[in-house]
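Structure file protein.cif with mmCIF, C-alpha atoms, pLDDT in the B column; chains and numbers go by the auth columns:
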data_coords
loop_
_atom_site.group_PDB
_atom_site.id
_atom_site.type_symbol
_atom_site.label_atom_id
_atom_site.label_comp_id
_atom_site.label_asym_id
_atom_site.label_seq_id
_atom_site.Cartn_x
_atom_site.Cartn_y
_atom_site.Cartn_z
_atom_site.B_iso_or_equiv
_atom_site.auth_seq_id
_atom_site.auth_asym_id
ATOM 1 C CA MET A 1 111.571 -59.568 248.831 64.00 1 L
ATOM 2 C CA SER A 2 110.622 -56.473 246.954 77.00 2 L
ATOM 3 C CA SER A 3 107.774 -56.209 244.533 84.00 3 L
ATOM 4 C CA PRO A 4 108.512 -55.370 240.889 87.00 4 L
ATOM 5 C CA ALA A 5 108.560 -51.695 239.987 89.00 5 L
ATOM 6 C CA PRO A 6 105.457 -50.431 238.217 89.00 6 L
ATOM 7 C CA PRO A 7 105.918 -49.521 234.563 89.00 7 L
ATOM 8 C CA PRO A 8 106.513 -45.845 233.815 88.00 8 L
ATOM 9 C CA PRO A 9 103.402 -43.869 232.831 90.00 9 L
ATOM 10 C CA ASP A 10 102.670 -43.380 229.169 91.00 10 L
ATOM 11 C CA PRO A 11 103.644 -39.993 227.722 90.00 11 L
ATOM 12 C CA PRO A 12 100.706 -37.701 226.864 91.00 12 L
ATOM 13 C CA PHE A 13 99.217 -37.906 223.391 93.00 13 L
ATOM 14 C CA ILE A 14 99.766 -34.178 222.826 94.00 14 L
ATOM 15 C CA SER A 15 101.475 -31.596 224.979 94.00 15 L
ATOM 16 C CA MET A 16 99.580 -29.031 227.002 95.00 16 L
ATOM 17 C CA HIS A 17 100.927 -26.260 224.745 95.00 17 L
ATOM 18 C CA THR A 18 99.574 -27.958 221.621 96.00 18 L
ATOM 19 C CA ALA A 19 96.187 -28.543 223.218 96.00 19 L
ATOM 20 C CA VAL A 20 95.845 -24.906 224.300 96.00 20 L
ATOM 21 C CA VAL A 21 96.908 -23.594 220.890 97.00 21 L
ATOM 22 C CA LEU A 22 94.506 -25.870 218.988 97.00 22 L
ATOM 23 C CA LEU A 23 91.559 -25.207 221.306 97.00 23 L
ATOM 24 C CA THR A 24 92.129 -21.465 221.086 97.00 24 L
ATOM 25 C CA ALA A 25 92.326 -21.689 217.283 98.00 25 L
ATOM 26 C CA ILE A 26 89.010 -23.575 217.242 98.00 26 L
ATOM 27 C CA VAL A 27 87.385 -20.873 219.364 98.00 27 L
ATOM 28 C CA VAL A 28 88.777 -18.146 217.085 98.00 28 L
ATOM 29 C CA GLY A 29 87.465 -19.981 214.020 98.00 29 L
ATOM 30 C CA LEU A 30 84.012 -20.434 215.550 98.00 30 L
ATOM 31 C CA VAL A 31 83.776 -16.774 216.572 98.00 31 L
ATOM 32 C CA ILE A 32 84.886 -15.487 213.171 98.00 32 L
ATOM 33 C CA GLY A 33 82.619 -17.950 211.370 97.00 33 L
ATOM 34 C CA GLY A 34 79.659 -16.975 213.529 98.00 34 L
ATOM 35 C CA LEU A 35 80.239 -13.271 213.033 98.00 35 L
ATOM 36 C CA THR A 36 80.613 -13.768 209.291 97.00 36 L
ATOM 37 C CA PHE A 37 77.363 -15.717 209.160 97.00 37 L
ATOM 38 C CA LEU A 38 75.547 -13.019 211.101 97.00 38 L
ATOM 39 C CA SER A 39 76.821 -10.337 208.744 97.00 39 L
ATOM 40 C CA ASP A 40 75.770 -11.857 205.390 93.00 40 L
ATOM 41 C CA PHE A 41 73.842 -15.104 206.200 95.00 41 L
ATOM 42 C CA SER A 42 76.032 -17.204 203.925 96.00 42 L
ATOM 43 C CA VAL A 43 76.935 -20.609 205.351 97.00 43 L
ATOM 44 C CA PRO A 44 79.699 -21.399 202.839 97.00 44 L
ATOM 45 C CA GLY A 45 81.258 -17.988 203.354 97.00 45 L
ATOM 46 C CA ALA A 46 81.100 -18.376 207.119 97.00 46 L
ATOM 47 C CA VAL A 47 82.712 -21.812 206.963 97.00 47 L
ATOM 48 C CA LEU A 48 85.530 -20.542 204.757 98.00 48 L
ATOM 49 C CA ALA A 49 86.095 -17.516 206.973 97.00 49 L
ATOM 50 C CA GLY A 50 86.134 -19.665 210.117 98.00 50 L
ATOM 51 C CA LEU A 51 88.519 -22.221 208.647 98.00 51 L
ATOM 52 C CA GLY A 52 90.795 -19.492 207.349 98.00 52 L
ATOM 53 C CA ALA A 53 90.846 -17.613 210.633 98.00 53 L
ATOM 54 C CA GLY A 54 91.426 -20.771 212.658 97.00 54 L
ATOM 55 C CA GLY A 55 94.180 -21.973 210.369 97.00 55 L
ATOM 56 C CA LEU A 56 95.941 -18.646 210.236 97.00 56 L
ATOM 57 C CA SER A 57 95.741 -18.193 213.996 97.00 57 L
ATOM 58 C CA VAL A 58 97.700 -21.384 214.762 97.00 58 L
ATOM 59 C CA PRO A 59 101.201 -20.009 213.943 96.00 59 L
ATOM 60 C CA VAL A 60 100.431 -16.743 215.690 96.00 60 L
ATOM 61 C CA LEU A 61 99.096 -18.475 218.812 96.00 61 L
ATOM 62 C CA ARG A 62 102.044 -20.873 218.784 96.00 62 L
ATOM 63 C CA SER A 63 104.451 -17.989 219.059 95.00 63 L
ATOM 64 C CA LEU A 64 102.343 -16.023 221.575 94.00 64 L
ATOM 65 C CA ILE A 65 101.458 -18.838 223.995 86.00 65 L
ATOM 66 C CA ARG A 66 104.479 -20.258 225.776 81.00 66 L
#

So that I can check it, write out the structure of this file as structure tokens.
Amino acid sequence: MSSPAPPPPDPPFISMHTAVVLLTAIVVGLVIGGLTFLSDFSVPGAVLAGLGAGGLSVPVLRSLIR
């Protein structure tokens, strides 16, 4: 008698490519936000610059990282 086959593993929540692109975009946003804060000591301006840089880097990173 053979034992029943184990169920197939669940697929990953997100692919490795997506994880690398999003983590790199977060790092880019944090660096740009930090540099912006150090240049003019404005928290709202730094947050906007970091969010803008992170958001705009996603399509570029998606095409560069394969």

Nearest to Gly45 of chain L by atom-to-atom distance, counting all atoms listed in the file, from L:Ala25, L:Ile32, L:Ala19, L:Ile65:
L:Ile32

Explicit residue set for the PyMOL selection byres ((chain L and resi 48) around 12), as a CSV table (one decimal) with C-alpha atoms, in the frame of the given file:
chain,number,residue,atom,x,y,z
L,29,GLY,CA,87.5,-20.0,214.0
L,30,LEU,CA,84.0,-20.4,215.6
L,32,ILE,CA,84.9,-15.5,213.2
L,33,GLY,CA,82.6,-18.0,211.4
L,34,GLY,CA,79.7,-17.0,213.5
L,36,THR,CA,80.6,-13.8,209.3
L,37,PHE,CA,77.4,-15.7,209.2
L,42,SER,CA,76.0,-17.2,203.9
L,43,VAL,CA,76.9,-20.6,205.4
L,44,PRO,CA,79.7,-21.4,202.8
L,45,GLY,CA,81.3,-18.0,203.4
L,46,ALA,CA,81.1,-18.4,207.1
L,47,VAL,CA,82.7,-21.8,207.0
L,49,ALA,CA,86.1,-17.5,207.0
L,50,GLY,CA,86.1,-19.7,210.1
L,51,LEU,CA,88.5,-22.2,208.6
L,52,GLY,CA,90.8,-19.5,207.3
L,53,ALA,CA,90.8,-17.6,210.6
L,54,GLY,CA,91.4,-20.8,212.7
L,55,GLY,CA,94.2,-22.0,210.4
L,56,LEU,CA,95.9,-18.6,210.2

Would you mind reading off the distance between atom CA of Phe13 of chain L and atom CA of Val28 of chain L, one decimal, in Å?
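Value for the atom CA of Phe13 of chain L-atom CA of Val28 of chain L distance: 23.2 Å.
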
Provide an axis-aligned box for all listed atoms of segment 30-42 of chain L, padding each side by 4 Å; report its centre and its edge lengths in Å to one decimal, as AutoDock Vina command-line options.
--center_x 79.4 --center_y -15.4 --center_z 210.2 --size_x 19.0 --size_y 18.1 --size_z 20.6

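As for atom CA of Arg62 of chain L and atom CA of Ser39 of chain L, they are spaced 29.1 Å apart.
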
What does the structure give for the distance between atom CA of Ser63 of chain L and atom CA of Leu23 of chain L, in Å to one decimal?
14.9 Å

(96.2, -26.2, 222.5) in this file's frame - what residues fall within 12 Å of it? Use only C-alpha atoms and give the answer as a ChimeraX atom specification.
/L:14-27,57-59,61-62,64-66
